[in-house]
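**Q** Take a look at coords.pdb, PDB, N, CA and C atoms:
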```
ATOM      1  N   MET L   8     -63.160   0.701-115.236
ATOM      2  CA  MET L   8     -62.149   0.481-114.231
ATOM      3  C   MET L   8     -62.636  -0.481-113.147
ATOM      4  N   GLU L   9     -63.927  -0.502-112.939
ATOM      5  CA  GLU L   9     -64.443  -1.341-111.852
ATOM      6  C   GLU L   9     -64.150  -2.825-112.088
ATOM      7  N   ASN L  10     -64.218  -3.281-113.338
ATOM      8  CA  ASN L  10     -63.920  -4.686-113.625
ATOM      9  C   ASN L  10     -62.465  -5.019-113.337
ATOM     10  N   ILE L  11     -61.569  -4.094-113.679
ATOM     11  CA  ILE L  11     -60.144  -4.304-113.400
ATOM     12  C   ILE L  11     -59.903  -4.325-111.902
ATOM     13  N   ALA L  12     -60.551  -3.423-111.201
ATOM     14  CA  ALA L  12     -60.408  -3.366-109.745
ATOM     15  C   ALA L  12     -60.916  -4.652-109.105
ATOM     16  N   ARG L  13     -62.053  -5.123-109.560
ATOM     17  CA  ARG L  13     -62.604  -6.381-109.028
ATOM     18  C   ARG L  13     -61.631  -7.536-109.225
ATOM     19  N   ALA L  14     -61.080  -7.643-110.432
ATOM     20  CA  ALA L  14     -60.157  -8.743-110.738
ATOM     21  C   ALA L  14     -58.894  -8.649-109.876
ATOM     22  N   ALA L  15     -58.344  -7.450-109.748
ATOM     23  CA  ALA L  15     -57.131  -7.269-108.953
ATOM     24  C   ALA L  15     -57.388  -7.562-107.474
ATOM     25  N   LEU L  16     -58.523  -7.105-106.966
ATOM     26  CA  LEU L  16     -58.855  -7.348-105.560
ATOM     27  C   LEU L  16     -59.118  -8.827-105.299
ATOM     28  N   ALA L  17     -59.723  -9.516-106.259
ATOM     29  CA  ALA L  17     -59.981 -10.951-106.111
ATOM     30  C   ALA L  17     -58.664 -11.726-106.020
ATOM     31  N   LEU L  18     -57.668 -11.290-106.787
ATOM     32  CA  LEU L  18     -56.360 -11.939-106.703
ATOM     33  C   LEU L  18     -55.654 -11.627-105.389
ATOM     34  N   LYS L  19     -55.783 -10.396-104.933
ATOM     35  CA  LYS L  19     -55.115  -9.969-103.698
ATOM     36  C   LYS L  19     -55.787 -10.569-102.454
ATOM     37  N   PHE L  20     -57.125 -10.659-102.482
ATOM     38  CA  PHE L  20     -57.901 -11.159-101.337
ATOM     39  C   PHE L  20     -58.778 -12.332-101.781
ATOM     40  N   PRO L  21     -58.194 -13.509-101.995
ATOM     41  CA  PRO L  21     -58.964 -14.633-102.534
ATOM     42  C   PRO L  21     -60.068 -15.156-101.605
ATOM     43  N   ASN L  22     -59.951 -14.916-100.303
ATOM     44  CA  ASN L  22     -60.938 -15.429 -99.350
ATOM     45  C   ASN L  22     -61.956 -14.384 -98.916
ATOM     46  N   VAL L  23     -62.017 -13.269 -99.639
ATOM     47  CA  VAL L  23     -62.924 -12.181 -99.280
ATOM     48  C   VAL L  23     -63.923 -11.976-100.412
ATOM     49  N   ASP L  24     -65.169 -11.671-100.047
ATOM     50  CA  ASP L  24     -66.191 -11.364-101.050
ATOM     51  C   ASP L  24     -65.890  -9.981-101.638
ATOM     52  N   VAL L  25     -65.464  -9.955-102.885
ATOM     53  CA  VAL L  25     -65.061  -8.707-103.526
ATOM     54  C   VAL L  25     -66.230  -7.733-103.640
ATOM     55  N   SER L  26     -67.442  -8.232-103.729
ATOM     56  CA  SER L  26     -68.609  -7.344-103.803
ATOM     57  C   SER L  26     -68.707  -6.462-102.564
ATOM     58  N   ASN L  27     -68.406  -7.044-101.401
ATOM     59  CA  ASN L  27     -68.416  -6.251-100.166
ATOM     60  C   ASN L  27     -67.319  -5.187-100.192
ATOM     61  N   LEU L  28     -66.135  -5.565-100.668
ATOM     62  CA  LEU L  28     -65.057  -4.591-100.785
ATOM     63  C   LEU L  28     -65.443  -3.464-101.730
ATOM     64  N   MET L  29     -66.029  -3.813-102.870
ATOM     65  CA  MET L  29     -66.419  -2.802-103.847
ATOM     66  C   MET L  29     -67.482  -1.862-103.293
ATOM     67  N   GLU L  30     -68.370  -2.395-102.463
ATOM     68  CA  GLU L  30     -69.394  -1.541-101.854
ATOM     69  C   GLU L  30     -68.755  -0.486-100.953
ATOM     70  N   VAL L  31     -67.775  -0.900-100.160
ATOM     71  CA  VAL L  31     -67.076   0.040 -99.282
ATOM     72  C   VAL L  31     -66.252   1.015-100.118
ATOM     73  N   ILE L  32     -65.547   0.509-101.119
ATOM     74  CA  ILE L  32     -64.724   1.356-101.984
ATOM     75  C   ILE L  32     -65.578   2.436-102.644
ATOM     76  N   ASN L  33     -66.714   2.052-103.181
ATOM     77  CA  ASN L  33     -67.580   3.008-103.881
ATOM     78  C   ASN L  33     -68.263   3.989-102.942
ATOM     79  N   ALA L  34     -68.239   3.714-101.641
ATOM     80  CA  ALA L  34     -68.817   4.642-100.662
ATOM     81  C   ALA L  34     -67.817   5.733-100.264
ATOM     82  N   THR L  35     -66.568   5.584-100.673
ATOM     83  CA  THR L  35     -65.562   6.598-100.345
ATOM     84  C   THR L  35     -65.647   7.742-101.343
ATOM     85  N   PRO L  36     -65.136   8.922-100.980
ATOM     86  CA  PRO L  36     -65.141  10.042-101.924
ATOM     87  C   PRO L  36     -64.175   9.842-103.093
ATOM     88  N   ASN L  37     -63.221   8.914-102.960
ATOM     89  CA  ASN L  37     -62.219   8.707-103.987
ATOM     90  C   ASN L  37     -61.996   7.197-104.164
ATOM     91  N   PRO L  38     -62.872   6.524-104.938
ATOM     92  CA  PRO L  38     -62.768   5.076-105.091
ATOM     93  C   PRO L  38     -61.428   4.608-105.669
ATOM     94  N   GLN L  39     -60.870   5.357-106.601
ATOM     95  CA  GLN L  39     -59.593   4.941-107.185
ATOM     96  C   GLN L  39     -58.499   4.892-106.125
ATOM     97  N   MET L  40     -58.475   5.894-105.253
ATOM     98  CA  MET L  40     -57.490   5.927-104.182
ATOM     99  C   MET L  40     -57.700   4.740-103.230
ATOM    100  N   ALA L  41     -58.949   4.416-102.925
ATOM    101  CA  ALA L  41     -59.250   3.300-102.036
ATOM    102  C   ALA L  41     -58.738   1.983-102.612
ATOM    103  N   VAL L  42     -58.959   1.775-103.909
ATOM    104  CA  VAL L  42     -58.468   0.550-104.559
ATOM    105  C   VAL L  42     -56.945   0.502-104.504
ATOM    106  N   GLU L  43     -56.297   1.610-104.806
ATOM    107  CA  GLU L  43     -54.834   1.651-104.796
ATOM    108  C   GLU L  43     -54.277   1.377-103.405
ATOM    109  N   ILE L  44     -54.933   1.880-102.370
ATOM    110  CA  ILE L  44     -54.488   1.615-100.999
ATOM    111  C   ILE L  44     -54.603   0.127-100.698
ATOM    112  N   LEU L  45     -55.731  -0.478-101.055
ATOM    113  CA  LEU L  45     -55.921  -1.900-100.795
ATOM    114  C   LEU L  45     -54.932  -2.773-101.575
ATOM    115  N   LEU L  46     -54.541  -2.324-102.748
ATOM    116  CA  LEU L  46     -53.603  -3.091-103.574
ATOM    117  C   LEU L  46     -52.143  -2.728-103.293
ATOM    118  N   ASP L  47     -51.909  -1.896-102.297
ATOM    119  CA  ASP L  47     -50.560  -1.467-101.901
ATOM    120  C   ASP L  47     -49.795  -0.782-103.033
ATOM    121  N   CYS L  48     -50.494  -0.024-103.849
ATOM    122  CA  CYS L  48     -49.801   0.700-104.925
ATOM    123  C   CYS L  48     -50.123   2.192-104.907
ATOM    124  N   TYR L  49     -50.675   2.681-103.800
ATOM    125  CA  TYR L  49     -51.023   4.099-103.697
ATOM    126  C   TYR L  49     -49.786   4.934-103.375
ATOM    127  N   LYS L  50     -49.606   6.004-104.129
ATOM    128  CA  LYS L  50     -48.552   6.983-103.858
ATOM    129  C   LYS L  50     -49.198   8.357-103.886
ATOM    130  N   PRO L  51     -49.176   9.071-102.762
ATOM    131  CA  PRO L  51     -49.793  10.402-102.746
ATOM    132  C   PRO L  51     -49.087  11.334-103.720
ATOM    133  N   GLN L  52     -49.874  12.195-104.320
ATOM    134  CA  GLN L  52     -49.329  13.168-105.252
ATOM    135  C   GLN L  52     -48.509  14.195-104.496
ATOM    136  N   ARG L  53     -47.406  14.604-105.078
ATOM    137  CA  ARG L  53     -46.591  15.657-104.460
ATOM    138  C   ARG L  53     -47.298  16.986-104.650
ATOM    139  N   ILE L  54     -47.521  17.660-103.545
ATOM    140  CA  ILE L  54     -48.199  18.952-103.561
ATOM    141  C   ILE L  54     -47.196  20.014-103.116
ATOM    142  N   PRO L  55     -47.067  21.100-103.869
ATOM    143  CA  PRO L  55     -46.110  22.130-103.489
ATOM    144  C   PRO L  55     -46.426  22.738-102.123
ATOM    145  N   TYR L  56     -45.377  22.966-101.334
ATOM    146  CA  TYR L  56     -45.544  23.616-100.040
ATOM    147  C   TYR L  56     -45.903  25.082-100.227
ATOM    148  N   GLN L  57     -45.296  25.716-101.217
ATOM    149  CA  GLN L  57     -45.607  27.108-101.527
ATOM    150  C   GLN L  57     -45.857  27.242-103.019
ATOM    151  N   VAL L  58     -46.829  28.081-103.358
ATOM    152  CA  VAL L  58     -47.124  28.386-104.754
ATOM    153  C   VAL L  58     -47.254  29.887-104.903
ATOM    154  N   LYS L  59     -47.036  30.345-106.106
ATOM    155  CA  LYS L  59     -47.234  31.762-106.413
ATOM    156  C   LYS L  59     -48.478  31.883-107.284
ATOM    157  N   THR L  60     -49.334  32.851-106.954
ATOM    158  CA  THR L  60     -50.533  33.088-107.738
ATOM    159  C   THR L  60     -50.175  33.901-108.971
ATOM    160  N   HIS L  61     -51.158  34.055-109.855
ATOM    161  CA  HIS L  61     -50.926  34.868-111.052
ATOM    162  C   HIS L  61     -50.672  36.331-110.696
ATOM    163  N   LYS L  62     -51.037  36.740-109.470
ATOM    164  CA  LYS L  62     -50.778  38.111-109.014
ATOM    165  C   LYS L  62     -49.430  38.230-108.303
ATOM    166  N   GLY L  63     -48.694  37.113-108.218
ATOM    167  CA  GLY L  63     -47.388  37.139-107.574
ATOM    168  C   GLY L  63     -47.402  36.904-106.080
ATOM    169  N   GLU L  64     -48.577  36.629-105.492
ATOM    170  CA  GLU L  64     -48.662  36.363-104.056
ATOM    171  C   GLU L  64     -48.152  34.955-103.778
ATOM    172  N   THR L  65     -47.460  34.798-102.663
ATOM    173  CA  THR L  65     -47.008  33.474-102.245
ATOM    174  C   THR L  65     -48.029  32.895-101.282
ATOM    175  N   ARG L  66     -48.454  31.679-101.556
ATOM    176  CA  ARG L  66     -49.387  30.977-100.666
ATOM    177  C   ARG L  66     -48.682  29.756-100.099
ATOM    178  N   THR L  67     -48.955  29.469 -98.819
ATOM    179  CA  THR L  67     -48.312  28.368 -98.118
ATOM    180  C   THR L  67     -49.332  27.286 -97.796
ATOM    181  N   LYS L  68     -48.973  26.041 -98.080
ATOM    182  CA  LYS L  68     -49.879  24.912 -97.835
ATOM    183  C   LYS L  68     -50.072  24.705 -96.338
ATOM    184  N   VAL L  69     -51.328  24.524 -95.926
ATOM    185  CA  VAL L  69     -51.629  24.224 -94.529
ATOM    186  C   VAL L  69     -52.268  22.853 -94.366
ATOM    187  N   GLY L  70     -52.724  22.265 -95.464
ATOM    188  CA  GLY L  70     -53.325  20.950 -95.354
ATOM    189  C   GLY L  70     -53.739  20.388 -96.697
ATOM    190  N   VAL L  71     -53.817  19.050 -96.743
ATOM    191  CA  VAL L  71     -54.247  18.352 -97.950
ATOM    192  C   VAL L  71     -55.255  17.279 -97.548
ATOM    193  N   ASP L  72     -56.376  17.243 -98.229
ATOM    194  CA  ASP L  72     -57.373  16.188 -98.057
ATOM    195  C   ASP L  72     -57.339  15.357 -99.339
ATOM    196  N   TYR L  73     -56.540  14.285 -99.317
ATOM    197  CA  TYR L  73     -56.377  13.467-100.516
ATOM    198  C   TYR L  73     -57.674  12.762-100.914
ATOM    199  N   TRP L  74     -58.507  12.425 -99.948
ATOM    200  CA  TRP L  74     -59.753  11.723-100.269
ATOM    201  C   TRP L  74     -60.692  12.587-101.103
ATOM    202  N   ASN L  75     -60.711  13.892-100.841
ATOM    203  CA  ASN L  75     -61.614  14.788-101.562
ATOM    204  C   ASN L  75     -60.895  15.695-102.555
ATOM    205  N   SER L  76     -59.601  15.471-102.751
ATOM    206  CA  SER L  76     -58.791  16.259-103.693
ATOM    207  C   SER L  76     -58.847  17.760-103.394
ATOM    208  N   ILE L  77     -58.614  18.095-102.130
ATOM    209  CA  ILE L  77     -58.633  19.496-101.714
ATOM    210  C   ILE L  77     -57.281  19.850-101.097
ATOM    211  N   VAL L  78     -56.718  20.957-101.552
ATOM    212  CA  VAL L  78     -55.476  21.487-100.989
ATOM    213  C   VAL L  78     -55.810  22.838-100.381
ATOM    214  N   LYS L  79     -55.395  23.059 -99.129
ATOM    215  CA  LYS L  79     -55.656  24.339 -98.464
ATOM    216  C   LYS L  79     -54.347  25.114 -98.358
ATOM    217  N   TYR L  80     -54.396  26.355 -98.815
ATOM    218  CA  TYR L  80     -53.256  27.258 -98.742
ATOM    219  C   TYR L  80     -53.660  28.512 -97.966
ATOM    220  N   THR L  81     -52.677  29.148 -97.336
ATOM    221  CA  THR L  81     -52.916  30.430 -96.677
ATOM    222  C   THR L  81     -52.201  31.522 -97.443
ATOM    223  N   SER L  82     -52.685  32.720 -97.244
ATOM    224  CA  SER L  82     -52.033  33.905 -97.790
ATOM    225  C   SER L  82     -51.983  34.918 -96.667
ATOM    226  N   ASP L  83     -50.795  35.326 -96.297
ATOM    227  CA  ASP L  83     -50.642  36.281 -95.198
ATOM    228  C   ASP L  83     -50.687  37.688 -95.770
ATOM    229  N   LYS L  84     -51.878  38.265 -95.778
ATOM    230  CA  LYS L  84     -52.051  39.634 -96.268
ATOM    231  C   LYS L  84     -52.113  40.582 -95.080
ATOM    232  N   SER L  85     -52.040  41.855 -95.381
ATOM    233  CA  SER L  85     -52.062  42.851 -94.314
ATOM    234  C   SER L  85     -53.377  42.854 -93.545
ATOM    235  N   ASP L  86     -54.461  42.379 -94.177
ATOM    236  CA  ASP L  86     -55.757  42.379 -93.490
ATOM    237  C   ASP L  86     -56.021  41.072 -92.739
ATOM    238  N   GLY L  87     -55.005  40.250 -92.590
ATOM    239  CA  GLY L  87     -55.162  39.023 -91.816
ATOM    240  C   GLY L  87     -54.899  37.784 -92.641
ATOM    241  N   LEU L  88     -55.042  36.644 -91.998
ATOM    242  CA  LEU L  88     -54.770  35.357 -92.614
ATOM    243  C   LEU L  88     -55.974  34.902 -93.417
ATOM    244  N   GLN L  89     -55.747  34.511 -94.657
ATOM    245  CA  GLN L  89     -56.824  34.043 -95.516
ATOM    246  C   GLN L  89     -56.548  32.613 -95.936
ATOM    247  N   PHE L  90     -57.620  31.850 -96.137
ATOM    248  CA  PHE L  90     -57.485  30.470 -96.582
ATOM    249  C   PHE L  90     -58.032  30.327 -97.985
ATOM    250  N   CYS L  91     -57.431  29.458 -98.720
ATOM    251  CA  CYS L  91     -57.849  29.179-100.080
ATOM    252  C   CYS L  91     -57.867  27.663-100.228
ATOM    253  N   ALA L  92     -58.964  27.094-100.670
ATOM    254  CA  ALA L  92     -59.049  25.653-100.899
ATOM    255  C   ALA L  92     -59.220  25.401-102.387
ATOM    256  N   LEU L  93     -58.363  24.559-102.930
ATOM    257  CA  LEU L  93     -58.424  24.226-104.348
ATOM    258  C   LEU L  93     -59.062  22.855-104.499
ATOM    259  N   GLN L  94     -60.138  22.775-105.249
ATOM    260  CA  GLN L  94     -60.863  21.522-105.416
ATOM    261  C   GLN L  94     -60.253  20.644-106.512
ATOM    262  N   VAL L  95     -59.379  21.190-107.296
ATOM    263  CA  VAL L  95     -58.737  20.394-108.341
ATOM    264  C   VAL L  95     -57.244  20.341-108.062
ATOM    265  N   TRP L  96     -56.604  19.283-108.540
ATOM    266  CA  TRP L  96     -55.166  19.164-108.336
ATOM    267  C   TRP L  96     -54.452  20.203-109.165
ATOM    268  N   LEU L  97     -53.378  20.726-108.626
ATOM    269  CA  LEU L  97     -52.593  21.748-109.306
ATOM    270  C   LEU L  97     -51.825  21.131-110.461
ATOM    271  N   ASP L  98     -51.643  21.909-111.497
ATOM    272  CA  ASP L  98     -50.757  21.499-112.567
ATOM    273  C   ASP L  98     -49.349  21.830-112.097
ATOM    274  N   LEU L  99     -48.599  20.809-111.708
ATOM    275  CA  LEU L  99     -47.304  21.039-111.087
ATOM    276  C   LEU L  99     -46.306  21.692-112.039
ATOM    277  N   ALA L 100     -46.541  21.614-113.333
ATOM    278  CA  ALA L 100     -45.635  22.243-114.288
ATOM    279  C   ALA L 100     -45.741  23.760-114.220
ATOM    280  N   ASP L 101     -46.877  24.276-113.737
ATOM    281  CA  ASP L 101     -47.093  25.727-113.688
ATOM    282  C   ASP L 101     -46.871  26.323-112.314
ATOM    283  N   THR L 102     -46.365  25.546-111.369
ATOM    284  CA  THR L 102     -46.167  26.060-110.017
ATOM    285  C   THR L 102     -44.703  25.956-109.625
ATOM    286  N   THR L 103     -44.351  26.684-108.606
ATOM    287  CA  THR L 103     -43.002  26.647-108.079
ATOM    288  C   THR L 103     -42.949  25.601-106.985
ATOM    289  N   LEU L 104     -42.102  24.593-107.131
ATOM    290  CA  LEU L 104     -41.985  23.540-106.125
ATOM    291  C   LEU L 104     -40.968  23.953-105.078
ATOM    292  N   GLU L 105     -41.427  24.616-104.055
ATOM    293  CA  GLU L 105     -40.561  25.027-102.960
ATOM    294  C   GLU L 105     -40.895  24.150-101.764
ATOM    295  N   GLY L 106     -40.112  23.109-101.553
ATOM    296  CA  GLY L 106     -40.355  22.201-100.438
ATOM    297  C   GLY L 106     -41.586  21.349-100.633
ATOM    298  N   ALA L 107     -41.789  20.820-101.845
ATOM    299  CA  ALA L 107     -42.957  19.974-102.109
ATOM    300  C   ALA L 107     -42.959  18.762-101.203
ATOM    301  N   VAL L 108     -44.130  18.417-100.721
ATOM    302  CA  VAL L 108     -44.283  17.273 -99.832
ATOM    303  C   VAL L 108     -45.283  16.330-100.442
TER     304      VAL L 108
END
```
Here is a file; write its structure as structure tokens.

**A**
Amino acid sequence: MENIARAALALKFPNVDVSNLMEVINATPNPQMAVEILLDCYKPQRIPYQVKTHKGETRTKVGVDYWNSIVKYTSDKSDGLQFCALQVWLDLADTTLEGAV
């Protein structure tokens, strides 16, 4: 993918040293996202606002870190507010899209 990214960036930024751009891109936690942002083709993934766990609990999204692919959900249980961070993207086919953002 790096060769394709280099070629696309060279076309988009003809007066810029692409090696410098690639160095910055590769220093990010999500190089593919960085390239897409620079090429104006990045579209954030739709993340469900609420999901149901396999136990039937409803969790509500409180934040998304797109750079590190982390989604934070809360669960309001009787013993207080709990946070859950998912390091992998959800399979949207298996979740309930209630107010996806």

**Q** Given only N, CA and C atoms as the basis, pick out the residue of L:Phe20, L:Asn10, L:Tyr80, L:Trp74 nearest to Thr35 in chain L.

**A**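 Of all the options, L:Trp74 lies closest to Thr35 in chain L.
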
**Q** Quick one: distance from CA of Met8 in chain L to atom N of Ile32 in chain L in Å, one decimal?

**A** 13.5 Å

**Q** So which residues touch range 46-51 of chain L within 8 Å, counting only N, CA and C atoms, skipping near sequence neighbours fewer than 3 positions away, as an MDAnalysis selection string?

**A** chainID L and resid 15:16 19 39:43 54 73 108

**Q** When you draw a straight line from atom N of Ala17 in chain L to atom N of Asn37 in chain L, how long is it in Å?

**A**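 One can read the atom N of Ala17 in chain L to atom N of Asn37 in chain L distance as 19.0 Å.
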
**Q** In Å to one decimal, how far is CA of Ala12 in chain L from CA of Arg53 in chain L?

**A** 24.1 Å

**Q** Report, as JSON, the axis-aligned box around all atoms of range 9-22 of chain L present in the file, extended by 3 Å on each side; give centre and edge lengths in Å to one decimal place.

**A**
```
{"center_x": -59.8, "center_y": -8.0, "center_z": -106.3, "size_x": 15.3, "size_y": 20.9, "size_z": 20.8}
```

**Q** Calculated over all atoms listed in the file, which of the candidates L:Ile11, L:Gly70, L:Thr65, L:Val58 has the smallest distance to Ser82 in chain L?

**A**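 Among L:Ile11, L:Gly70, L:Thr65, L:Val58, it is L:Thr65 that comes nearest to Ser82 in chain L.
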
**Q** Residues of range 22-68 of chain L classed as strand (DSSP E or B) by DSSP on the backbone are to be reported as a count of residues only.

**A** 7
